[in-house]
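Chemist: Dropping in work-v8.pdb, with PDB, C-alpha atoms.
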```pdb
ATOM      1  CA  MET A  14       0.000   0.000   0.000
ATOM      2  CA  LYS A  15       0.974   3.632  -0.359
ATOM      3  CA  ALA A  16       1.869   5.415   2.849
ATOM      4  CA  ILE A  17       3.610   8.624   3.848
ATOM      5  CA  LEU A  18       6.505   8.085   6.220
ATOM      6  CA  LEU A  19       8.034  10.692   8.483
ATOM      7  CA  LYS A  20      11.739   9.947   7.997
ATOM      8  CA  ASP A  21      12.926  12.283  10.748
ATOM      9  CA  PHE A  22      11.610  15.277  12.662
ATOM     10  CA  GLY A  23      11.848  18.532  10.764
ATOM     11  CA  GLY A  24      10.281  20.234   7.758
ATOM     12  CA  THR A  25       7.849  18.907   5.187
ATOM     13  CA  GLU A  26      10.752  17.450   3.210
ATOM     14  CA  GLN A  27      10.801  14.690   5.842
ATOM     15  CA  LEU A  28       7.440  13.385   4.557
ATOM     16  CA  GLU A  29       8.051  10.646   1.989
ATOM     17  CA  LEU A  30       5.485   8.780  -0.110
ATOM     18  CA  THR A  31       6.455   5.118  -0.269
ATOM     19  CA  GLU A  32       5.156   1.543  -0.500
ATOM     20  CA  ILE A  33       4.836  -0.622   2.608
ATOM     21  CA  PRO A  34       2.832  -3.751   3.528
ATOM     22  CA  LYS A  35      -0.779  -3.379   4.642
ATOM     23  CA  PRO A  36      -1.277  -3.504   8.434
ATOM     24  CA  VAL A  37      -2.344  -6.765  10.044
ATOM     25  CA  ILE A  38      -5.353  -6.168  12.290
ATOM     26  CA  LYS A  39      -5.853  -7.400  15.841
ATOM     27  CA  ASP A  40      -9.028  -9.085  17.059
ATOM     28  CA  HIS A  41     -10.618  -5.818  18.248
ATOM     29  CA  GLU A  42      -9.696  -3.895  15.100
ATOM     30  CA  VAL A  43     -10.993  -3.360  11.597
ATOM     31  CA  LEU A  44      -9.039  -2.569   8.442
ATOM     32  CA  ILE A  45     -10.173   0.595   6.697
ATOM     33  CA  ARG A  46      -9.535   1.408   3.066
ATOM     34  CA  THR A  47      -8.877   5.112   3.463
ATOM     35  CA  ARG A  48     -10.854   7.625   1.468
ATOM     36  CA  SER A  49      -9.988  10.856   3.321
ATOM     37  CA  ILE A  50      -7.851  11.961   6.222
ATOM     38  CA  SER A  51      -7.853  15.225   8.149
ATOM     39  CA  ILE A  52      -4.753  17.220   9.069
ATOM     40  CA  ASN A  53      -4.560  18.787  12.535
ATOM     41  CA  PRO A  54      -2.091  21.132  14.251
ATOM     42  CA  ILE A  55      -0.822  18.166  16.285
ATOM     43  CA  ASP A  56       0.307  16.537  13.012
ATOM     44  CA  VAL A  57       2.404  19.580  12.160
ATOM     45  CA  LYS A  58       3.820  19.888  15.683
ATOM     46  CA  THR A  59       4.739  16.216  15.814
ATOM     47  CA  ARG A  60       6.392  16.334  12.399
ATOM     48  CA  SER A  61       8.565  19.223  13.596
ATOM     49  CA  GLY A  62       9.662  17.373  16.751
ATOM     50  CA  LYS A  63       7.093  18.685  19.235
ATOM     51  CA  GLY A  64       3.557  17.474  19.949
ATOM     52  CA  GLN A  65       3.575  13.678  20.190
ATOM     53  CA  ALA A  66       7.168  13.342  18.953
ATOM     54  CA  GLN A  67       8.380  11.788  22.200
ATOM     55  CA  ARG A  68       5.869   8.951  21.769
ATOM     56  CA  ILE A  69       7.159   7.967  18.331
ATOM     57  CA  LYS A  70      10.847   8.912  18.426
ATOM     58  CA  ASP A  71      11.897   5.294  18.985
ATOM     59  CA  LYS A  72       9.673   4.056  16.151
ATOM     60  CA  MET A  73      11.047   6.133  13.298
ATOM     61  CA  PRO A  74      10.362   6.232  10.420
ATOM     62  CA  ALA A  75       6.763   6.664  11.519
ATOM     63  CA  ILE A  76       3.353   7.194   9.955
ATOM     64  CA  LEU A  77       1.542  10.283  11.234
ATOM     65  CA  GLY A  78      -2.162  11.021  11.281
ATOM     66  CA  TRP A  79      -5.117  10.334  13.572
ATOM     67  CA  ASP A  80      -8.239  11.218  11.551
ATOM     68  CA  VAL A  81      -9.615   8.777   8.998
ATOM     69  CA  ALA A  82     -12.750   8.165   6.956
ATOM     70  CA  GLY A  83     -13.165   5.179   4.678
ATOM     71  CA  VAL A  84     -14.647   1.745   4.081
ATOM     72  CA  VAL A  85     -14.140  -1.323   6.275
ATOM     73  CA  VAL A  86     -12.599  -4.165   4.239
ATOM     74  CA  GLU A  87     -11.693  -6.574   7.045
ATOM     75  CA  LYS A  88     -13.040  -7.175  10.543
ATOM     76  CA  GLY A  89     -11.424  -8.716  13.608
ATOM     77  CA  SER A  90     -13.263 -11.414  15.540
ATOM     78  CA  GLN A  91     -13.942  -9.083  18.487
ATOM     79  CA  ALA A  92     -14.639  -5.870  16.571
ATOM     80  CA  ASP A  93     -18.213  -5.301  17.683
ATOM     81  CA  GLY A  94     -20.622  -2.869  16.080
ATOM     82  CA  ILE A  95     -18.668  -2.416  12.839
ATOM     83  CA  ASN A  96     -18.939  -4.704   9.802
ATOM     84  CA  GLU A  97     -17.198  -5.196   6.478
ATOM     85  CA  GLY A  98     -18.550  -2.728   3.941
ATOM     86  CA  ASP A  99     -19.428  -0.100   6.529
ATOM     87  CA  GLU A 100     -18.432   3.476   5.805
ATOM     88  CA  VAL A 101     -16.786   4.740   8.998
ATOM     89  CA  PHE A 102     -14.855   7.657  10.454
ATOM     90  CA  GLY A 103     -13.037   8.474  13.652
ATOM     91  CA  GLN A 104      -9.959   9.501  15.563
ATOM     92  CA  VAL A 105      -7.604   6.531  15.788
ATOM     93  CA  ASN A 106      -5.516   5.643  18.858
ATOM     94  CA  PHE A 107      -4.642   9.187  19.961
ATOM     95  CA  PRO A 108      -2.206  10.048  21.520
ATOM     96  CA  GLY A 109      -0.483   6.823  20.413
ATOM     97  CA  PRO A 110       0.410   6.188  16.765
ATOM     98  CA  GLY A 111      -2.708   6.472  14.592
ATOM     99  CA  LYS A 112      -0.864   5.742  11.335
ATOM    100  CA  CYS A 113      -3.574   7.287   9.186
ATOM    101  CA  TYR A 114      -1.343   8.652   6.407
ATOM    102  CA  ALA A 115      -1.868   5.410   4.492
ATOM    103  CA  GLU A 116      -4.153   3.676   1.993
ATOM    104  CA  PHE A 117      -5.170   1.188   4.694
ATOM    105  CA  VAL A 118      -5.567   1.911   8.405
ATOM    106  CA  ALA A 119      -5.992  -0.545  11.280
ATOM    107  CA  ALA A 120      -8.333   0.943  13.880
ATOM    108  CA  SER A 121     -10.090  -0.197  17.023
ATOM    109  CA  ALA A 122     -13.820  -0.524  16.447
ATOM    110  CA  GLU A 123     -14.206   1.444  19.703
ATOM    111  CA  HIS A 124     -12.685   4.520  18.040
ATOM    112  CA  LEU A 125     -15.069   4.611  15.082
ATOM    113  CA  ALA A 126     -18.602   5.579  14.141
ATOM    114  CA  ILE A 127     -20.685   4.774  11.080
ATOM    115  CA  LYS A 128     -20.501   7.681   8.658
ATOM    116  CA  PRO A 129     -23.941   9.239   8.129
ATOM    117  CA  GLY A 130     -25.271   8.987   4.595
ATOM    118  CA  ASN A 131     -25.631  12.760   4.309
ATOM    119  CA  THR A 132     -21.949  13.340   5.112
ATOM    120  CA  GLY A 133     -19.100  12.928   2.614
ATOM    121  CA  PHE A 134     -15.803  11.255   3.447
ATOM    122  CA  ASP A 135     -13.988  14.607   3.449
ATOM    123  CA  GLU A 136     -16.400  16.114   5.961
ATOM    124  CA  ALA A 137     -16.424  12.983   8.128
ATOM    125  CA  ALA A 138     -12.629  12.933   8.372
ATOM    126  CA  ALA A 139     -12.739  16.627   9.304
ATOM    127  CA  ALA A 140     -15.222  15.927  12.117
ATOM    128  CA  SER A 141     -12.970  13.599  14.072
ATOM    129  CA  LEU A 142     -10.156  14.896  16.321
ATOM    130  CA  ALA A 143     -11.174  18.561  16.099
ATOM    131  CA  ALA A 144     -14.864  17.930  16.778
ATOM    132  CA  LEU A 145     -14.052  15.510  19.609
ATOM    133  CA  THR A 146     -11.683  18.077  21.130
ATOM    134  CA  ALA A 147     -14.355  20.757  21.038
ATOM    135  CA  TRP A 148     -17.035  18.486  22.505
ATOM    136  CA  GLN A 149     -14.872  17.083  25.303
ATOM    137  CA  ALA A 150     -13.650  20.570  26.233
ATOM    138  CA  ILE A 151     -17.083  22.150  26.515
ATOM    139  CA  HIS A 152     -18.984  19.126  27.833
ATOM    140  CA  ARG A 153     -16.578  17.300  30.147
ATOM    141  CA  TYR A 154     -14.671  20.310  31.442
ATOM    142  CA  GLY A 155     -16.694  23.416  30.637
ATOM    143  CA  LYS A 156     -20.063  22.094  31.779
ATOM    144  CA  VAL A 157     -21.634  24.350  29.152
ATOM    145  CA  LYS A 158     -25.436  24.474  29.213
ATOM    146  CA  ALA A 159     -28.269  26.766  28.240
ATOM    147  CA  GLY A 160     -27.462  30.342  29.206
ATOM    148  CA  THR A 161     -23.719  29.815  29.733
ATOM    149  CA  ARG A 162     -21.756  32.814  28.484
ATOM    150  CA  VAL A 163     -18.949  31.435  26.314
ATOM    151  CA  LEU A 164     -15.862  32.966  24.695
ATOM    152  CA  ILE A 165     -14.217  30.897  21.957
ATOM    153  CA  HIS A 166     -10.824  31.997  20.664
ATOM    154  CA  ALA A 167      -9.931  31.363  17.015
ATOM    155  CA  ALA A 168     -13.585  30.596  16.373
ATOM    156  CA  SER A 169     -13.018  30.210  12.625
ATOM    157  CA  GLY A 170     -10.381  27.471  13.087
ATOM    158  CA  GLY A 171     -10.658  23.698  13.157
ATOM    159  CA  VAL A 172     -11.624  23.226  16.805
ATOM    160  CA  GLY A 173     -13.174  26.670  17.118
ATOM    161  CA  HIS A 174     -15.756  26.333  14.347
ATOM    162  CA  PHE A 175     -17.000  23.072  15.853
ATOM    163  CA  ALA A 176     -17.042  24.591  19.355
ATOM    164  CA  VAL A 177     -19.278  27.460  18.255
ATOM    165  CA  GLN A 178     -21.816  25.057  16.787
ATOM    166  CA  LEU A 179     -21.723  22.694  19.755
ATOM    167  CA  CYS A 180     -22.111  25.483  22.320
ATOM    168  CA  LYS A 181     -25.086  26.889  20.421
ATOM    169  CA  TYR A 182     -26.582  23.386  20.297
ATOM    170  CA  LEU A 183     -26.385  23.369  24.105
ATOM    171  CA  GLY A 184     -28.113  26.750  24.283
ATOM    172  CA  ALA A 185     -25.112  28.892  25.271
ATOM    173  CA  ASN A 186     -24.519  32.537  24.447
ATOM    174  CA  VAL A 187     -21.385  32.506  22.269
ATOM    175  CA  THR A 188     -18.819  35.147  21.401
ATOM    176  CA  GLY A 189     -16.098  34.127  18.954
ATOM    177  CA  THR A 190     -12.810  35.816  18.125
ATOM    178  CA  SER A 191     -11.221  35.857  14.680
ATOM    179  CA  SER A 192      -9.883  38.345  12.178
ATOM    180  CA  ALA A 193     -12.351  40.759  10.620
ATOM    181  CA  GLY A 194     -12.236  38.785   7.378
ATOM    182  CA  ASN A 195     -13.810  35.783   9.080
ATOM    183  CA  LYS A 196     -16.482  37.685  11.003
ATOM    184  CA  GLU A 197     -19.379  36.587   8.778
ATOM    185  CA  PHE A 198     -18.171  32.985   8.832
ATOM    186  CA  VAL A 199     -18.176  32.960  12.647
ATOM    187  CA  LEU A 200     -21.596  34.621  12.879
ATOM    188  CA  ASN A 201     -23.008  32.215  10.288
ATOM    189  CA  LEU A 202     -21.888  29.328  12.504
ATOM    190  CA  GLY A 203     -24.374  30.670  15.035
ATOM    191  CA  ALA A 204     -22.201  32.871  17.236
ATOM    192  CA  ASP A 205     -24.136  35.642  18.988
ATOM    193  CA  ALA A 206     -21.243  38.100  18.819
ATOM    194  CA  HIS A 207     -17.845  38.489  17.176
ATOM    195  CA  ILE A 208     -14.619  40.167  18.290
ATOM    196  CA  ASP A 209     -11.940  41.126  15.791
ATOM    197  CA  TYR A 210      -8.772  40.291  17.711
ATOM    198  CA  THR A 211      -6.712  42.501  15.359
ATOM    199  CA  SER A 212      -8.629  45.697  16.201
ATOM    200  CA  GLY A 213      -7.515  45.919  19.817
ATOM    201  CA  PRO A 214      -7.364  43.886  23.030
ATOM    202  CA  PHE A 215     -10.331  41.507  23.224
ATOM    203  CA  GLU A 216     -10.380  41.908  27.010
ATOM    204  CA  GLU A 217     -11.585  45.476  26.532
ATOM    205  CA  LYS A 218     -14.636  44.265  24.578
ATOM    206  CA  ILE A 219     -16.158  41.539  26.732
ATOM    207  CA  SER A 220     -16.651  40.648  30.402
ATOM    208  CA  GLY A 221     -18.696  38.347  32.636
ATOM    209  CA  VAL A 222     -17.714  35.159  30.801
ATOM    210  CA  ASP A 223     -18.598  31.752  32.296
ATOM    211  CA  PHE A 224     -16.420  29.590  30.039
ATOM    212  CA  VAL A 225     -13.421  30.261  27.796
ATOM    213  CA  LEU A 226     -12.089  27.859  25.186
ATOM    214  CA  ASP A 227      -8.503  28.973  24.624
ATOM    215  CA  THR A 228      -6.870  27.589  21.500
ATOM    216  CA  ILE A 229      -3.836  29.877  21.673
ATOM    217  CA  GLY A 230      -2.167  29.488  25.087
ATOM    218  CA  GLY A 231       0.596  31.598  26.616
ATOM    219  CA  ASP A 232      -0.410  35.099  27.647
ATOM    220  CA  ASN A 233      -3.808  34.546  26.061
ATOM    221  CA  ILE A 234      -4.619  32.626  29.254
ATOM    222  CA  ASP A 235      -3.843  35.668  31.434
ATOM    223  CA  ARG A 236      -5.852  37.947  29.177
ATOM    224  CA  SER A 237      -8.808  35.554  29.116
ATOM    225  CA  ILE A 238      -8.931  35.282  32.911
ATOM    226  CA  LYS A 239      -9.488  39.047  33.053
ATOM    227  CA  VAL A 240     -12.866  38.690  31.319
ATOM    228  CA  MET A 241     -14.132  35.724  33.369
ATOM    229  CA  LYS A 242     -16.550  35.686  36.290
ATOM    230  CA  PRO A 243     -15.438  34.352  39.687
ATOM    231  CA  GLY A 244     -15.746  30.578  39.564
ATOM    232  CA  ALA A 245     -15.692  30.501  35.760
ATOM    233  CA  ILE A 246     -13.854  27.820  33.772
ATOM    234  CA  ILE A 247     -11.112  28.070  31.167
ATOM    235  CA  VAL A 248      -9.841  25.169  29.066
ATOM    236  CA  SER A 249      -6.566  25.731  27.235
ATOM    237  CA  LEU A 250      -5.583  23.364  24.436
ATOM    238  CA  PRO A 251      -2.133  24.019  22.931
ATOM    239  CA  SER A 252       0.445  21.517  24.199
ATOM    240  CA  GLY A 253       3.470  23.249  25.672
ATOM    241  CA  LEU A 254       1.619  26.563  26.032
ATOM    242  CA  SER A 255      -1.070  25.684  28.578
ATOM    243  CA  GLU A 256       0.816  24.122  31.474
ATOM    244  CA  SER A 257       0.196  27.045  33.843
ATOM    245  CA  VAL A 258      -3.531  27.454  33.194
ATOM    246  CA  ALA A 259      -4.705  25.644  36.359
ATOM    247  CA  GLU A 260      -2.441  27.643  38.658
ATOM    248  CA  LYS A 261      -3.296  30.970  37.058
ATOM    249  CA  ALA A 262      -7.018  30.301  37.193
ATOM    250  CA  LYS A 263      -6.902  29.136  40.805
ATOM    251  CA  LEU A 264      -5.132  32.322  41.888
ATOM    252  CA  ALA A 265      -7.985  34.277  40.316
ATOM    253  CA  GLY A 266     -10.695  32.189  41.998
ATOM    254  CA  MET A 267     -11.517  30.227  38.855
ATOM    255  CA  GLU A 268     -11.028  26.756  37.387
ATOM    256  CA  GLY A 269      -8.459  26.100  34.680
ATOM    257  CA  TYR A 270      -7.731  22.940  32.757
ATOM    258  CA  LYS A 271      -5.376  21.847  30.026
ATOM    259  CA  MET A 272      -6.696  18.863  28.156
ATOM    260  CA  MET A 273      -5.767  16.275  25.587
ATOM    261  CA  VAL A 274      -8.506  14.760  23.481
ATOM    262  CA  GLU A 275      -9.038  11.021  23.770
ATOM    263  CA  PRO A 276     -10.798   8.453  21.600
ATOM    264  CA  SER A 277     -14.324   7.750  22.800
ATOM    265  CA  LYS A 278     -16.923   5.476  21.237
ATOM    266  CA  GLU A 279     -19.697   7.405  22.948
ATOM    267  CA  ASP A 280     -18.405  10.797  21.832
ATOM    268  CA  ILE A 281     -17.601   9.940  18.189
ATOM    269  CA  ARG A 282     -21.022   8.343  17.790
ATOM    270  CA  PHE A 283     -22.600  11.437  19.333
ATOM    271  CA  ILE A 284     -20.755  13.509  16.713
ATOM    272  CA  ALA A 285     -22.059  11.162  14.005
ATOM    273  CA  ASP A 286     -25.612  11.709  15.244
ATOM    274  CA  LEU A 287     -25.223  15.489  15.090
ATOM    275  CA  LEU A 288     -23.845  15.204  11.549
ATOM    276  CA  ALA A 289     -26.804  13.051  10.529
ATOM    277  CA  LYS A 290     -29.218  15.639  11.975
ATOM    278  CA  LYS A 291     -27.309  18.505  10.261
ATOM    279  CA  ILE A 292     -26.786  20.137  13.643
ATOM    280  CA  LEU A 293     -23.014  19.976  13.134
ATOM    281  CA  LYS A 294     -21.589  21.050   9.774
ATOM    282  CA  PRO A 295     -17.839  20.642   9.145
ATOM    283  CA  HIS A 296     -16.251  23.345   7.015
ATOM    284  CA  VAL A 297     -13.520  21.975   4.740
ATOM    285  CA  SER A 298     -11.615  24.896   3.267
ATOM    286  CA  ARG A 299      -8.969  22.972   1.307
ATOM    287  CA  VAL A 300      -8.701  19.451  -0.072
ATOM    288  CA  PHE A 301      -5.301  18.148  -1.152
ATOM    289  CA  SER A 302      -4.333  14.934  -2.908
ATOM    290  CA  PHE A 303      -2.286  12.310  -1.051
ATOM    291  CA  GLU A 304       0.753  13.347  -3.059
ATOM    292  CA  GLU A 305       0.291  16.934  -1.821
ATOM    293  CA  MET A 306       0.702  16.125   1.889
ATOM    294  CA  ALA A 307       3.585  18.589   2.257
ATOM    295  CA  ALA A 308       1.406  21.375   0.843
ATOM    296  CA  ALA A 309      -1.382  20.418   3.261
ATOM    297  CA  HIS A 310       1.035  20.758   6.194
ATOM    298  CA  LYS A 311       2.222  24.136   4.912
ATOM    299  CA  GLN A 312      -1.366  25.340   4.590
ATOM    300  CA  LEU A 313      -2.025  24.473   8.229
ATOM    301  CA  GLU A 314       1.268  26.090   9.298
ATOM    302  CA  SER A 315       0.169  29.345   7.668
ATOM    303  CA  GLY A 316      -2.256  29.903  10.549
ATOM    304  CA  LYS A 317      -4.836  31.178   8.067
ATOM    305  CA  THR A 318      -6.969  28.086   7.587
ATOM    306  CA  VAL A 319     -10.709  28.533   8.010
ATOM    307  CA  GLY A 320     -12.227  25.301   9.298
ATOM    308  CA  LYS A 321     -10.367  22.154   8.291
ATOM    309  CA  VAL A 322      -7.749  20.851   5.850
ATOM    310  CA  VAL A 323      -8.395  17.422   4.327
ATOM    311  CA  VAL A 324      -6.247  15.078   2.251
ATOM    312  CA  ARG A 325      -8.097  12.777  -0.147
ATOM    313  CA  VAL A 326      -6.370   9.418  -0.376
ATOM    314  CA  SER A 327      -8.626   7.605  -2.841
ATOM    315  CA  ALA A 328     -11.773   8.258  -4.839
TER
END
```
Hey, can you dump this file as structure tokens for me?
Modeler:
Amino acid sequence: MKAILLKDFGGTEQLELTEIPKPVIKDHEVLIRTRSISINPIDVKTRSGKGQAQRIKDKMPAILGWDVAGVVVEKGSQADGINEGDEVFGQVNFPGPGKCYAEFVAASAEHLAIKPGNTGFDEAAAASLAALTAWQAIHRYGKVKAGTRVLIHAASGGVGHFAVQLCKYLGANVTGTSSAGNKEFVLNLGADAHIDYTSGPFEEKISGVDFVLDTIGGDNIDRSIKVMKPGAIIVSLPSGLSESVAEKAKLAGMEGYKMMVEPSKEDIRFIADLLAKKILKPHVSRVFSFEEMAAAHKQLESGKTVGKVVVRVSA
């Protein structure tokens, strides 16, 4: 099968298209013929030697990627709920090796959901790690419910655009930050208000926030705490930039969490249900071919991607 190997940590030149044997599945796994995969910031960070690099450094060359959508072609004896011929999607084995940059992917049936008929493979792949991250942040940690006042940073990004939709589904009042050019996109997602982060400090434009989803980290945590109510919650996502969020929030009389998304059968199948009901709508801004993986990484590194970047592996 065709696969893209990461030869060593570094730039996109370290990504090499090659031929390797198909994976052999375990009893609890299925083999997926890949149609589409989604690229996330963690892919780019790991490729460069950060992110999940420490987990794979002894297994180089390695296959990156955690988001997959495709068709099941083989089923293990204990892979319940998924059958050969099923169209599936999900986030595979994170934070361990997902090995999704390949024509065939071995995945635990517990990490997958049946792809709704109204959702294409590109959109399904896009609604895996990023959508799960958004849902786990606002549901498990943020305790968002009807009436919660929410601030979502980078609301036009991969996680952010899902978070806006999910918070509105729960009945929250949502303010999203982005550049002015993406204002209409954020409002069309359902956000109640928009802040252009380039026009001045956001902390001068909002206050009384119950929950902040911080996708930036660093001093954005300090600035976000200034707009939060006593007892409010902040979840900060970027690895390496969110380690101090709990301490900073506690000093201010609030709750702070850094989090890492995890595979969840319950959560991915909840996402599938929202896709089927058209409550959740992934936005795929760019689709690259498998041979254009380096360009897909560079697009994500630009920091200007609206929604998600997808790589189509097969038709």
Chemist: Would you kindly identify which residues have an atom no farther than 9 Å from (-6.6, 32.1, 9.4), using only C-alpha atoms and the file's own coordinates, and write them out as a list in words?
Modeler: Ala167, Ser169, Gly170, Ser191, Ser192, Gly194, Asn195, Leu313, Ser315, Gly316, Lys317, Thr318, Val319 and Gly320 of chain A
Chemist: Using the chain letters and numbers from the file, give me the residues hit by the PyMOL selection byres ((chain A and resi 62) around 12), as a ChimeraX atom specification.
Modeler: /A:19-25,27,55-61,63-70,73
Chemist: Taking 3 positions as the minimum chain separation for residues in the same chain, which residues sit within 12 Å of A:Glu275 when counting all atoms listed in the file? Answer as a list in words.
Modeler: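 So, after excluding close chain neighbours, the residues are Trp79, Gly103, Gln104, Val105, Asn106, Phe107, Pro108, Gly109, Glu123, His124, Ser141, Leu142, Ala143, Ala144, Leu145, Thr146, Ala147, Trp148, Gln149, Ala150, Arg153, Met272, Lys278, Glu279, Asp280 and Ile281 of chain A.
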Chemist: Determine the residue membership of the PyMOL selection byres ((chain A and resi 134) around 12) for the file above and supply it as number ranges by chain.
Modeler: A: 46-51, 80-84, 100-103, 127-133, 135-141, 295, 297, 300, 323-328
Chemist: With C-alpha atoms retained, write the just-selected residues as a CSV table (one decimal), keeping the file's coordinate frame.
Modeler:
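Produced file out_6.csv, reproduced below:
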```
chain,number,residue,atom,x,y,z
A,46,ARG,CA,-9.5,1.4,3.1
A,47,THR,CA,-8.9,5.1,3.5
A,48,ARG,CA,-10.9,7.6,1.5
A,49,SER,CA,-10.0,10.9,3.3
A,50,ILE,CA,-7.9,12.0,6.2
A,51,SER,CA,-7.9,15.2,8.1
A,80,ASP,CA,-8.2,11.2,11.6
A,81,VAL,CA,-9.6,8.8,9.0
A,82,ALA,CA,-12.8,8.2,7.0
A,83,GLY,CA,-13.2,5.2,4.7
A,84,VAL,CA,-14.6,1.7,4.1
A,100,GLU,CA,-18.4,3.5,5.8
A,101,VAL,CA,-16.8,4.7,9.0
A,102,PHE,CA,-14.9,7.7,10.5
A,103,GLY,CA,-13.0,8.5,13.7
A,127,ILE,CA,-20.7,4.8,11.1
A,128,LYS,CA,-20.5,7.7,8.7
A,129,PRO,CA,-23.9,9.2,8.1
A,130,GLY,CA,-25.3,9.0,4.6
A,131,ASN,CA,-25.6,12.8,4.3
A,132,THR,CA,-21.9,13.3,5.1
A,133,GLY,CA,-19.1,12.9,2.6
A,135,ASP,CA,-14.0,14.6,3.4
A,136,GLU,CA,-16.4,16.1,6.0
A,137,ALA,CA,-16.4,13.0,8.1
A,138,ALA,CA,-12.6,12.9,8.4
A,139,ALA,CA,-12.7,16.6,9.3
A,140,ALA,CA,-15.2,15.9,12.1
A,141,SER,CA,-13.0,13.6,14.1
A,295,PRO,CA,-17.8,20.6,9.1
A,297,VAL,CA,-13.5,22.0,4.7
A,300,VAL,CA,-8.7,19.5,-0.1
A,323,VAL,CA,-8.4,17.4,4.3
A,324,VAL,CA,-6.2,15.1,2.3
A,325,ARG,CA,-8.1,12.8,-0.1
A,326,VAL,CA,-6.4,9.4,-0.4
A,327,SER,CA,-8.6,7.6,-2.8
A,328,ALA,CA,-11.8,8.3,-4.8
```
Chemist: Counting all atoms listed in the file, which of A:Val85, A:Val274, A:Val248, A:Leu77 gets nearest to A:Ile52?
Modeler: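 For A:Ile52, the nearest of the given residues is A:Leu77.
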Chemist: Run the PyMOL selection byres ((chain A and resi 267) around 10) mentally over the shown coordinates, then write out the matched residues as a ChimeraX atom specification, using the chain letters and numbers from the document.
Modeler: /A:223,238,241-247,259-266,268-269
Chemist: Between atom CA of A:Thr190 and atom CA of A:Leu288, measure the distance and give it in Å to one decimal.
Modeler: 24.3 Å
Chemist: Which residues, written as a PyMOL selection string, have at least one atom at most 12 Å from A:Asp93, with all atoms listed in the file counted and residues fewer than 5 positions away on the same chain left out?
Modeler: chain A and resi 40-43+88+121-126+278
Chemist: Set the distance at 12 Å and use only C-alpha atoms: which residues neighbour A:Thr161 once local chain neighbours fewer than 4 positions away are removed? I'd like the list as JSON, numbers by chain.
Modeler: {"A": [151, 152, 155, 156, 157, 180, 181, 182, 183, 184, 185, 186, 187, 188, 221, 222, 223, 224, 225, 241, 242, 245, 246]}
Chemist: Hey, can you spit out that residue selection with C-alpha atoms as a tab-separated table (two decimals), keeping the file's coordinate frame?
Modeler:
```
chain	number	residue	atom	x	y	z
A	151	ILE	CA	-17.08	22.15	26.52
A	152	HIS	CA	-18.98	19.13	27.83
A	155	GLY	CA	-16.69	23.42	30.64
A	156	LYS	CA	-20.06	22.09	31.78
A	157	VAL	CA	-21.63	24.35	29.15
A	180	CYS	CA	-22.11	25.48	22.32
A	181	LYS	CA	-25.09	26.89	20.42
A	182	TYR	CA	-26.58	23.39	20.30
A	183	LEU	CA	-26.38	23.37	24.10
A	184	GLY	CA	-28.11	26.75	24.28
A	185	ALA	CA	-25.11	28.89	25.27
A	186	ASN	CA	-24.52	32.54	24.45
A	187	VAL	CA	-21.38	32.51	22.27
A	188	THR	CA	-18.82	35.15	21.40
A	221	GLY	CA	-18.70	38.35	32.64
A	222	VAL	CA	-17.71	35.16	30.80
A	223	ASP	CA	-18.60	31.75	32.30
A	224	PHE	CA	-16.42	29.59	30.04
A	225	VAL	CA	-13.42	30.26	27.80
A	241	MET	CA	-14.13	35.72	33.37
A	242	LYS	CA	-16.55	35.69	36.29
A	245	ALA	CA	-15.69	30.50	35.76
A	246	ILE	CA	-13.85	27.82	33.77
```
Chemist: Quote the spacing between atom CA of A:Ser212 and atom CA of A:Lys239 in Å to one decimal place.
Modeler: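 Computing it gives 18.1 Å between the two atoms.
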Chemist: Go ahead and compute the interatomic distance for atom CA of A:Thr211 and atom CA of A:Arg162, in Å to one decimal.
Modeler: 22.2 Å
